[in-house]
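Okay, so here's the structure we're looking at.
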Amino acid sequence: MERYESIVVGGGVIGASIAYHLARLGQRRVLLLERGMIGQGTTAQSSCILRTHYTVAENVALAQAAWRVFADFPRYLDDPEADCGLTRCGYLIAAPAGEKSDALRMALDGQRHFGICVEEIDAPRARALLPIAEFGDDELIGHEPEAGFADAYLVTSAFARSARRLGAKIREGAEVTGLARSGDRVTGVLCGGEQIGADQVICVQNVWSGELARWTGLALPLTIERHSVMSLETRAAPYSRGMPVFKDLASPGLLYCRSYGGAQMLVSEGLPGEALDAPDTEQADVPLDKVLEVGEQVARRFPAYAEAGLASSWTGLYDVTPDWNPVLGPLPGIEGLWVAYGFSGHGFKFAPAVGLLVAQAMLGQPGVVPIETYSLSRFARGRLLVGRYGSGAVS
Ligand SMILES: Cc1cc2nc3c(=O)[nH]c(=O)nc-3n(C[C@H](O)[C@H](O)[C@H](O)COP(=O)(O)OP(=O)(O)OC[C@H]3O[C@@H](n4cnc5c(N)ncnc54)[C@H](O)[C@@H]3O)c2cc1C
């Protein structure tokens, strides 16, 4: 029987990063099994925004560690050809008076505590950075210059390639159908009608984590949500690549926007999405009503977009946990079994740091934050990771 030190189930950006970091930390026999192709899961649908703007301190620390990797990607991977498609355009976030600006102020203070460069800026300065937007009514505007967005395909494939270079094996078209166990210990996985042996197994299945719940009988809290994303274009006000990512806490939909290449704006809402019973990754129609609803909000902030056309729209799935933060670490009662799921629509930015954190924990090493913070048991213990913004992708 084939045997590995570690098997990673799921080849999204998180699984690829974990496989790479296990190999980087010295494991010689690592196997990643992906049912489809590397990066074709929810990672392919990501808006890929990178920021450290959180109020949960552990999230700030992870996002900061990950940003350092994105900002120095070829050197980190020891691969001069590695490219994560980073656009260092910065991040702007505007809030109306009240709870939202209080939370924003607190987030900026928390980021400063980590030595992250952030500033509170006035409307003219915000307009200089993002001249296509209006900022007259905002109580507080935060600016994080060292932020931006990257490319999901480039990042995931770079981690996979680097993992391979370090000796890891990556199999595509390889569906895991169950776990092999001996008593209360995991001994491998079932794949293609065969058993593959491993000392440790880590499941990184995102919206498909219900399979792991069935294999183990453990309750893994998970809601699957469908979210819509649109790209809009107007010649009058191109959202060019150097313009910052923008989060609009004043809009009813808590919109986020970024450049989508050429002159287009990518825009999506920061509200809970449509709950699904099953992980249906087929593209769904984005109804015209939704386009109009979002378009009106965009036009309020970006007046020239009142005339914008819809260039494209698509949908993507979030694997949402009760506090909108991931579950990382060992699963109780089954020795050698680990999980990393529940990134709740904001996991791309963490990928390099979570990959390292989880790999370190699997090897018994400490990481940048205590991994216990993200344990499954936090839900039962009532230790939810909810920040000043409440539950959501900015928490
Ligand atoms: C519309 C949208 C916008 C987003 N925007 C951002 C953003 O701006 N910034 C940000 O930080 N994050 C964002 N995210 C979130 C981020 O993209 C995800 O958190 C991240 O990509 C999740 O990676 P993953 O590896 O957990 O999951 P996935 O990429 O879904 O990978 C899971 C993989 O597991 C495989 N798999 C499952 N079960 C099995 C099995 N039994 N056997 C073998 N393989 C299996 C699947 O095929 C899949 O490839 C966004 C997400 C969406 C949907």
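Chain labels A, B, ... are given in the sequence in which chains occur in the structure tokens; within each chain residues are numbered consecutively from 1, and ligands are likewise numbered from 1 in the order shown.
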So that I can see what lies close to region 44-46 of chain A, please list as number ranges by chain the residues with an atom at most 12 Å from it, counting only C-alpha atoms and leaving out residues fewer than 2 positions away in the same chain.
A: 11-13, 37-42, 48-50, 149-157, 226-230, 266-268, 281-283, 313-318, 343-349
Residue list (alpha helix (DSSP H), DSSP) for region 84-164 of chain A, as a PyMOL selection string:
chain A and resi 99-113+123-129+152-164
If you count only C-alpha atoms and all ligand atoms, the residue of A:His113, A:Arg171, A:Arg378, A:Arg127 closest to ligand 1 turns out to be A:Arg171
Which of these, A:Asp280, A:Glu34, A:Glu144, A:Asp137, has the shortest distance to Glu175 (chain A) once you count only C-alpha atoms?
A:Glu34
At a cut-off of 12 Å, using only C-alpha atoms, what residues contact Pro74 (chain A)? Leave out same-chain residues fewer than 5 positions from it and give the result as an MDAnalysis selection string.
chainID A and resid 68:69 79:86 154:155 158:159 162
When you count only C-alpha atoms and all ligand atoms, which of these residues is closest to ligand 1: A:Ala393, A:Leu385, A:Leu232, A:Ala71?
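Under the stated criterion, the closest residue is A:Ala393.
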Please measure the separation of CA of Arg35 (chain A) and atom 24 (P, counted along the ligand's line) of ligand 1, giving the value in Å to one decimal.
13.0 Å
Selection: 12 Å around Leu249 (chain A), only C-alpha atoms, excl. self and same-chain fewer than 3 positions, as a count of residues only
34
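Here CA of Trp67 (chain A) and CA of Phe302 (chain A) stand 28.5 Å from one another.
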Interatomic distance, CA of Val245 (chain A) to CA of Cys89 (chain A) (Å, one decimal):
6.9 Å
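The shell of residues at most 10 Å from Ser240 (chain A), with only C-alpha atoms counted and near chain neighbours (fewer than 5 positions) removed, consists of Cys89, Leu130, Ile132, Arg258, Ser259, Tyr260, Gly261, Gly262, Ala263, Gln264 and Met265 of chain A.
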Take the residues that were just selected and, keeping C-alpha atoms, output them as a PDB file, in the first residue's frame.
```pdb
ATOM      1  CA  CYS A  89      -3.142  49.533  -5.077  1.00  0.00           C
ATOM      2  CA  LEU A 130      -9.986  57.242  -6.014  1.00  0.00           C
ATOM      3  CA  ILE A 132     -14.106  58.387  -9.622  1.00  0.00           C
ATOM      4  CA  ARG A 258     -11.866  46.902  -7.174  1.00  0.00           C
ATOM      5  CA  SER A 259     -10.428  47.267 -10.620  1.00  0.00           C
ATOM      6  CA  TYR A 260     -11.233  44.299 -12.834  1.00  0.00           C
ATOM      7  CA  GLY A 261      -8.663  44.915 -15.529  1.00  0.00           C
ATOM      8  CA  GLY A 262      -9.093  47.203 -18.496  1.00  0.00           C
ATOM      9  CA  ALA A 263     -11.475  49.925 -17.353  1.00  0.00           C
ATOM     10  CA  GLN A 264     -13.893  47.748 -15.420  1.00  0.00           C
ATOM     11  CA  MET A 265     -15.027  47.720 -11.799  1.00  0.00           C
TER      12      MET A 265
END
```
Quick one: residues within 6 Å of Val320 (chain A), only C-alpha atoms, excluding same-chain residues fewer than 4 positions away - as a PyMOL selection string?
chain A and resi 222-223+324+342+344
